[in-house]
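*Asks:* My structure is below; once you've seen it, I'll send some questions.
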Amino acid sequence: MRPIRPLLAAASVAAALALTATACGPSEDNAGGEPTASAGQTSDGRITIPDDLKDRLKEHGIDLDKWRDGEWRNWDRDTWLREAKDYVNPIIEDLWDPDRMRDAEQPERPVEEGDISGDEGVTDPTPEPVEAQPVKAPYHADAPEAGKVLFDGPQGSMVCSATVVEDPANPGKSNLVWTAGHCVHAGKDGGWYRNIAFVPSYNDGGRTGADLETATREEIAPYGVWWADWAQTSEQWISQGAATGGQGAPYDYAVIHVTPEKGGNGKSLEETVGSALPVEFAAPATPEIAEMEATGYPAAQPFDGQQMYRCGDKPGRLSLDAKQPTMYRIGCTMTGGSSGGGWVARGRDGRPALVSNTSIGPVTAGWLAGPRLGDEAKGVYEEVSKKFAGR
């Protein structure tokens, strides 16, 4: 197995999905994390950096005044920020141009299936593969909440999938996006990724990779590019998450707050795309769920990351460690790049709701697994919502 990690720009892309667990979020005794000084936002959408955060970053050798000139490319271990309080992501206009968006991919990082134990907890039989089906274009008509997360890491430009979710502090005007922890933070061996941005309804017309060679930025990103001015994941992902093997996968989720790259028209992300999903933190037990649907942009072969796909299946259970929560698992042939994509099922109130996100899968790309969202995930979500209440 290998992680369903972000896809890296490379000449050849691995064909299979890898087992990954990279979630950064709150610990049990600090479910919401410890955000202190953080980047703010002016009325025109520009990021402002508090002086105390600037001073703290300078202690790491990072001068934010030089950030846009390319200092973000410095991935020195001693200066790679990893703590929740040090997240920073200044907007660099037009950094994500059509070529850069199109070329963000992921390399193969295989892990043998034997690395998944499942012996300590409850694990159901491996599900039969479910063939991923293309979402009908325009994507916005079918899945307006879905899109891509783009970001930079030490190996280059990367991509994941993500979902617009409701914001309890700003009903009807959410700027919150749900994805996997490993799409924003490298886990125990690294820190926060950089230049994190969300593109709702990426390639809305469902054009082929060849057709996109000449596509404009507006055709690829019809609802704009939205930069993450805050990201938060579980403390378990930060301390345990790894690129392969599934470490930290039960806590592999993250919430991003976004702002439009060019200031926008005063509308929130939810108002712009016309929809946001509620998040269910007390989903019915697995046997009570008839079907879960996972949506994303798979980019490892035989996919190329340019089209949106979906799988639907009755979920089973997957235990990686008896001391950690049991994960959901469904049959699905989506590959790397689908990481972070939302899993939707009927909540207890009967409404469609986000109940998980894609985290890991096998090299053979026959199934996907996602974390069950509990108190830790709820703490991350509520902390980000409160942080931007009324903004």
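By order of appearance in the structure tokens: chains A, B, ..., then residues from 1 within every chain, and ligands from 1 in the order shown.
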Could you give me, as a PyMOL selection string, each residue of region 226-256 of chain A that DSSP assigns to helix (DSSP H, G or I) when run on this structure's backbone?

*Replies:* chain A and resi 235-240+249-251

*Asks:* Keeping only all heavy atoms, write those residues as a PDB file, in the first residue's frame.

*Replies:*
ATOM      1  N   GLU A 235      -3.618  17.417  16.125  1.00  0.00           N
ATOM      2  CA  GLU A 235      -2.292  17.268  16.726  1.00  0.00           C
ATOM      3  C   GLU A 235      -1.782  15.846  16.506  1.00  0.00           C
ATOM      4  O   GLU A 235      -0.584  15.611  16.402  1.00  0.00           O
ATOM      5  CB  GLU A 235      -2.346  17.586  18.220  1.00  0.00           C
ATOM      6  CG  GLU A 235      -2.580  19.045  18.531  1.00  0.00           C
ATOM      7  CD  GLU A 235      -1.462  19.943  18.035  1.00  0.00           C
ATOM      8  OE1 GLU A 235      -0.344  19.434  17.810  1.00  0.00           O
ATOM      9  OE2 GLU A 235      -1.702  21.152  17.851  1.00  0.00           O
ATOM     10  N   GLN A 236      -2.715  14.875  16.416  1.00  0.00           N
ATOM     11  CA  GLN A 236      -2.303  13.498  16.154  1.00  0.00           C
ATOM     12  C   GLN A 236      -1.647  13.369  14.797  1.00  0.00           C
ATOM     13  O   GLN A 236      -0.681  12.621  14.623  1.00  0.00           O
ATOM     14  CB  GLN A 236      -3.509  12.549  16.245  1.00  0.00           C
ATOM     15  CG  GLN A 236      -4.064  12.387  17.645  1.00  0.00           C
ATOM     16  CD  GLN A 236      -5.183  13.368  17.932  1.00  0.00           C
ATOM     17  OE1 GLN A 236      -5.264  14.442  17.341  1.00  0.00           O
ATOM     18  NE2 GLN A 236      -6.066  13.013  18.856  1.00  0.00           N
ATOM     19  N   TRP A 237      -2.176  14.099  13.804  1.00  0.00           N
ATOM     20  CA  TRP A 237      -1.548  14.026  12.490  1.00  0.00           C
ATOM     21  C   TRP A 237      -0.170  14.673  12.525  1.00  0.00           C
ATOM     22  O   TRP A 237       0.796  14.147  11.975  1.00  0.00           O
ATOM     23  CB  TRP A 237      -2.417  14.690  11.421  1.00  0.00           C
ATOM     24  CG  TRP A 237      -1.675  14.700  10.141  1.00  0.00           C
ATOM     25  CD1 TRP A 237      -1.090  15.754   9.514  1.00  0.00           C
ATOM     26  CD2 TRP A 237      -1.354  13.562   9.367  1.00  0.00           C
ATOM     27  NE1 TRP A 237      -0.424  15.339   8.393  1.00  0.00           N
ATOM     28  CE2 TRP A 237      -0.569  13.995   8.281  1.00  0.00           C
ATOM     29  CE3 TRP A 237      -1.642  12.200   9.487  1.00  0.00           C
ATOM     30  CZ2 TRP A 237      -0.072  13.123   7.314  1.00  0.00           C
ATOM     31  CZ3 TRP A 237      -1.150  11.332   8.523  1.00  0.00           C
ATOM     32  CH2 TRP A 237      -0.375  11.793   7.455  1.00  0.00           C
ATOM     33  N   ILE A 238      -0.065  15.828  13.190  1.00  0.00           N
ATOM     34  CA  ILE A 238       1.218  16.522  13.267  1.00  0.00           C
ATOM     35  C   ILE A 238       2.269  15.648  13.943  1.00  0.00           C
ATOM     36  O   ILE A 238       3.423  15.600  13.522  1.00  0.00           O
ATOM     37  CB  ILE A 238       1.062  17.856  14.015  1.00  0.00           C
ATOM     38  CG1 ILE A 238       0.245  18.843  13.174  1.00  0.00           C
ATOM     39  CG2 ILE A 238       2.421  18.471  14.355  1.00  0.00           C
ATOM     40  CD1 ILE A 238      -0.051  20.161  13.869  1.00  0.00           C
ATOM     41  N   SER A 239       1.885  14.925  14.987  1.00  0.00           N
ATOM     42  CA  SER A 239       2.860  14.144  15.757  1.00  0.00           C
ATOM     43  C   SER A 239       3.066  12.730  15.217  1.00  0.00           C
ATOM     44  O   SER A 239       4.127  12.135  15.424  1.00  0.00           O
ATOM     45  CB  SER A 239       2.421  14.057  17.228  1.00  0.00           C
ATOM     46  OG  SER A 239       1.177  13.382  17.340  1.00  0.00           O
ATOM     47  N   GLN A 240       2.081  12.177  14.485  1.00  0.00           N
ATOM     48  CA  GLN A 240       2.164  10.776  14.062  1.00  0.00           C
ATOM     49  C   GLN A 240       2.146  10.576  12.554  1.00  0.00           C
ATOM     50  O   GLN A 240       2.578   9.536  12.063  1.00  0.00           O
ATOM     51  CB  GLN A 240       0.985   9.982  14.649  1.00  0.00           C
ATOM     52  CG  GLN A 240       0.869  10.028  16.146  1.00  0.00           C
ATOM     53  CD  GLN A 240      -0.437   9.419  16.630  1.00  0.00           C
ATOM     54  OE1 GLN A 240      -1.045   8.585  15.949  1.00  0.00           O
ATOM     55  NE2 GLN A 240      -0.889   9.835  17.802  1.00  0.00           N
ATOM     56  N   ALA A 249      -3.455   7.961  10.068  1.00  0.00           N
ATOM     57  CA  ALA A 249      -4.586   8.034   9.133  1.00  0.00           C
ATOM     58  C   ALA A 249      -5.939   8.235   9.813  1.00  0.00           C
ATOM     59  O   ALA A 249      -6.793   8.935   9.268  1.00  0.00           O
ATOM     60  CB  ALA A 249      -4.622   6.793   8.237  1.00  0.00           C
ATOM     61  N   PRO A 250      -6.202   7.632  10.996  1.00  0.00           N
ATOM     62  CA  PRO A 250      -7.504   7.869  11.627  1.00  0.00           C
ATOM     63  C   PRO A 250      -7.744   9.329  12.018  1.00  0.00           C
ATOM     64  O   PRO A 250      -8.863   9.692  12.365  1.00  0.00           O
ATOM     65  CB  PRO A 250      -7.449   6.960  12.871  1.00  0.00           C
ATOM     66  CG  PRO A 250      -6.506   5.866  12.503  1.00  0.00           C
ATOM     67  CD  PRO A 250      -5.448   6.569  11.694  1.00  0.00           C
ATOM     68  N   TYR A 251      -6.703  10.146  11.987  1.00  0.00           N
ATOM     69  CA  TYR A 251      -6.825  11.574  12.316  1.00  0.00           C
ATOM     70  C   TYR A 251      -6.423  12.448  11.129  1.00  0.00           C
ATOM     71  O   TYR A 251      -6.043  13.608  11.294  1.00  0.00           O
ATOM     72  CB  TYR A 251      -5.946  11.909  13.517  1.00  0.00           C
ATOM     73  CG  TYR A 251      -6.298  11.118  14.755  1.00  0.00           C
ATOM     74  CD1 TYR A 251      -5.614   9.946  15.075  1.00  0.00           C
ATOM     75  CD2 TYR A 251      -7.332  11.534  15.590  1.00  0.00           C
ATOM     76  CE1 TYR A 251      -5.944   9.208  16.205  1.00  0.00           C
ATOM     77  CE2 TYR A 251      -7.673  10.808  16.723  1.00  0.00           C
ATOM     78  CZ  TYR A 251      -6.980   9.644  17.022  1.00  0.00           C
ATOM     79  OH  TYR A 251      -7.314   8.921  18.142  1.00  0.00           O
TER      80      TYR A 251
END

*Asks:* Excluding same-chain residues fewer than 4 positions from Gly340 (chain A), what lies within 6 Å of it counting only C-alpha atoms, as a VMD selection string?

*Replies:* chain A and resid 160 to 162 179 to 180 357 to 358

*Asks:* Could the residues in this selection be saved with all heavy atoms as a short mmCIF file (atom, residue, chain, number, x, y, z; two decimals), in the first residue's frame?

*Replies:*
data_model
loop_
_atom_site.label_atom_id
_atom_site.label_comp_id
_atom_site.auth_asym_id
_atom_site.auth_seq_id
_atom_site.Cartn_x
_atom_site.Cartn_y
_atom_site.Cartn_z
N CYS A 160 -4.47 17.88 -4.08
CA CYS A 160 -5.41 17.02 -3.38
C CYS A 160 -6.82 17.42 -3.81
O CYS A 160 -6.99 18.32 -4.65
CB CYS A 160 -5.29 17.18 -1.87
SG CYS A 160 -3.95 16.24 -1.09
N SER A 161 -7.82 16.78 -3.23
CA SER A 161 -9.21 17.14 -3.46
C SER A 161 -9.79 17.70 -2.17
O SER A 161 -9.22 17.50 -1.09
CB SER A 161 -10.00 15.92 -3.93
OG SER A 161 -9.44 15.40 -5.13
N ALA A 162 -10.93 18.40 -2.25
CA ALA A 162 -11.49 19.04 -1.06
C ALA A 162 -12.96 19.39 -1.28
O ALA A 162 -13.48 19.28 -2.39
CB ALA A 162 -10.69 20.29 -0.72
N THR A 179 -10.50 19.02 3.92
CA THR A 179 -9.61 18.16 3.14
C THR A 179 -8.88 17.22 4.09
O THR A 179 -9.25 17.10 5.26
CB THR A 179 -8.63 19.02 2.31
OG1 THR A 179 -7.92 18.18 1.39
CG2 THR A 179 -7.66 19.77 3.20
N ALA A 180 -7.87 16.54 3.59
CA ALA A 180 -7.08 15.64 4.43
C ALA A 180 -5.95 16.41 5.12
O ALA A 180 -5.43 17.40 4.58
CB ALA A 180 -6.48 14.51 3.59
N ASN A 357 -13.30 11.84 4.71
CA ASN A 357 -12.52 12.27 3.54
C ASN A 357 -11.54 11.17 3.17
O ASN A 357 -11.14 10.36 4.01
CB ASN A 357 -11.78 13.58 3.81
CG ASN A 357 -10.84 13.50 5.00
OD1 ASN A 357 -11.21 13.88 6.12
ND2 ASN A 357 -9.63 13.00 4.80
N THR A 358 -11.16 11.13 1.91
CA THR A 358 -10.22 10.11 1.45
C THR A 358 -8.86 10.32 2.12
O THR A 358 -8.32 11.42 2.13
CB THR A 358 -10.05 10.17 -0.07
OG1 THR A 358 -11.31 9.87 -0.67
CG2 THR A 358 -9.02 9.16 -0.55
#

*Asks:* Check which residues of region 179-250 of chain A sit at most 7 Å from region 79-84 of chain A using only C-alpha atoms, and return one row each with the closest pair of atoms and their distance in Å to one decimal, ordered by chain and rising number, as a tab-separated table.

*Replies:*
residue	atom	partner	partner_atom	distance
A:Gly190	CA	A:Arg82	CA	6.5
A:Gly191	CA	A:Arg82	CA	3.7
A:Trp192	CA	A:Arg82	CA	5.4
A:Gln232	CA	A:Ala84	CA	6.9

*Asks:* Just list the residues in region 311-375 of chain A DSSP gives strand (DSSP E) on the backbone, as a list in words.

*Replies:* Cys311, Gly312, Asp313, Gly316, Arg317, Leu318, Met327, Tyr328, Arg329, Ile330, Gly331, Gly342, Trp343, Val344, Ala345, Arg346, Pro352, Ala353, Leu354, Val355, Ser356, Asn357, Ile360, Gly361, Trp367, Leu368, Ala369 and Gly370 of chain A

*Asks:* Please provide as a tab-separated table (two decimals) with C-alpha atoms, in the first residue's frame all residues within 9 Å of region 269-273 of chain A, with the sequence filter that same-chain residues fewer than 6 positions apart are discarded (counting only C-alpha atoms).

*Replies:*
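Printed below is around_6.tsv as written:
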chain	number	residue	atom	x	y	z
A	140	HIS	CA	-20.80	22.62	-10.67
A	144	PRO	CA	-20.72	22.42	-6.57
A	145	GLU	CA	-18.94	21.91	-3.24
A	164	VAL	CA	-16.76	23.38	0.73
A	165	VAL	CA	-18.46	22.89	4.12
A	166	GLU	CA	-20.86	24.97	6.17
A	172	GLY	CA	-24.85	30.92	4.38
A	173	LYS	CA	-21.49	32.65	4.00
A	174	SER	CA	-18.92	29.94	4.61
A	175	ASN	CA	-15.28	30.23	3.60
A	176	LEU	CA	-14.41	26.82	5.05
A	200	PRO	CA	-13.74	24.99	-6.69
A	201	SER	CA	-15.12	23.10	-9.71
A	223	TYR	CA	-15.00	30.28	-9.64
A	226	TRP	CA	-9.03	30.90	-3.09
A	258	VAL	CA	-9.94	30.69	2.42
A	259	THR	CA	-10.02	34.14	0.86
A	260	PRO	CA	-10.19	35.05	-2.86

*Asks:* Extract, using only C-alpha atoms, all DNA, RNA and protein residues at most 10 Å from Ala228 (chain A), discarding same-chain residues fewer than 4 positions from it, and format them as number ranges by chain.

*Replies:* A: 47, 88-91, 149, 151, 175-177, 184, 194-198, 255-261

*Asks:* Filtering to N, CA and C atoms, could you give me those residues as an mmCIF file, in the first residue's frame?

*Replies:*
data_model
loop_
_atom_site.group_PDB
_atom_site.id
_atom_site.type_symbol
_atom_site.label_atom_id
_atom_site.label_comp_id
_atom_site.auth_asym_id
_atom_site.auth_seq_id
_atom_site.Cartn_x
_atom_site.Cartn_y
_atom_site.Cartn_z
ATOM 1 N N ILE A 47 -3.483 39.538 2.802
ATOM 2 C CA ILE A 47 -3.109 38.965 4.085
ATOM 3 C C ILE A 47 -2.242 39.948 4.865
ATOM 4 N N VAL A 88 1.394 30.156 8.113
ATOM 5 C CA VAL A 88 1.336 31.420 7.374
ATOM 6 C C VAL A 88 1.325 31.086 5.888
ATOM 7 N N ASN A 89 0.560 31.853 5.106
ATOM 8 C CA ASN A 89 0.379 31.512 3.688
ATOM 9 C C ASN A 89 0.047 32.770 2.879
ATOM 10 N N PRO A 90 0.973 33.738 2.790
ATOM 11 C CA PRO A 90 0.676 34.972 2.059
ATOM 12 C C PRO A 90 0.308 34.720 0.605
ATOM 13 N N ILE A 91 -0.635 35.488 0.093
ATOM 14 C CA ILE A 91 -1.052 35.355 -1.307
ATOM 15 C C ILE A 91 0.074 35.790 -2.244
ATOM 16 N N VAL A 149 -7.326 21.152 -4.037
ATOM 17 C CA VAL A 149 -6.393 21.911 -3.212
ATOM 18 C C VAL A 149 -5.020 21.811 -3.868
ATOM 19 N N PHE A 151 -0.866 23.025 -3.593
ATOM 20 C CA PHE A 151 0.105 23.480 -2.598
ATOM 21 C C PHE A 151 1.500 23.075 -3.031
ATOM 22 N N ASN A 175 -16.556 30.240 4.317
ATOM 23 C CA ASN A 175 -15.280 30.228 3.605
ATOM 24 C C ASN A 175 -14.428 29.046 4.084
ATOM 25 N N LEU A 176 -15.103 27.986 4.521
ATOM 26 C CA LEU A 176 -14.406 26.818 5.054
ATOM 27 C C LEU A 176 -14.340 25.692 4.020
ATOM 28 N N VAL A 177 -13.190 25.025 3.983
ATOM 29 C CA VAL A 177 -12.954 23.917 3.066
ATOM 30 C C VAL A 177 -12.409 22.744 3.867
ATOM 31 N N VAL A 184 -2.152 19.496 3.891
ATOM 32 C CA VAL A 184 -1.726 20.805 4.400
ATOM 33 C C VAL A 184 -0.473 20.723 5.256
ATOM 34 N N ARG A 194 3.106 25.011 1.678
ATOM 35 C CA ARG A 194 3.026 26.439 1.370
ATOM 36 C C ARG A 194 2.219 26.686 0.101
ATOM 37 N N ASN A 195 1.812 27.939 -0.049
ATOM 38 C CA ASN A 195 1.036 28.355 -1.229
ATOM 39 C C ASN A 195 -0.223 27.495 -1.384
ATOM 40 N N ILE A 196 -0.881 27.213 -0.254
ATOM 41 C CA ILE A 196 -2.086 26.382 -0.263
ATOM 42 C C ILE A 196 -3.257 27.182 -0.823
ATOM 43 N N ALA A 197 -3.910 26.637 -1.837
ATOM 44 C CA ALA A 197 -5.042 27.316 -2.470
ATOM 45 C C ALA A 197 -6.089 26.293 -2.885
ATOM 46 N N PHE A 198 -7.342 26.739 -2.928
ATOM 47 C CA PHE A 198 -8.472 25.882 -3.300
ATOM 48 C C PHE A 198 -9.079 26.390 -4.597
ATOM 49 N N VAL A 255 -9.171 21.452 8.211
ATOM 50 C CA VAL A 255 -10.115 22.498 7.823
ATOM 51 C C VAL A 255 -9.302 23.718 7.410
ATOM 52 N N ILE A 256 -9.650 24.280 6.257
ATOM 53 C CA ILE A 256 -8.977 25.452 5.715
ATOM 54 C C ILE A 256 -9.968 26.613 5.661
ATOM 55 N N HIS A 257 -9.531 27.796 6.042
ATOM 56 C CA HIS A 257 -10.317 29.008 5.812
ATOM 57 C C HIS A 257 -9.678 29.716 4.634
ATOM 58 N N VAL A 258 -10.484 30.132 3.657
ATOM 59 C CA VAL A 258 -9.936 30.690 2.422
ATOM 60 C C VAL A 258 -10.415 32.117 2.164
ATOM 61 N N THR A 259 -9.674 32.799 1.310
ATOM 62 C CA THR A 259 -10.020 34.140 0.860
ATOM 63 C C THR A 259 -9.692 34.236 -0.626
ATOM 64 N N PRO A 260 -10.462 34.993 -1.412
ATOM 65 C CA PRO A 260 -10.193 35.048 -2.858
ATOM 66 C C PRO A 260 -8.857 35.712 -3.168
ATOM 67 N N GLU A 261 -8.170 35.174 -4.161
ATOM 68 C CA GLU A 261 -6.839 35.671 -4.496
ATOM 69 C C GLU A 261 -6.828 37.153 -4.863
#
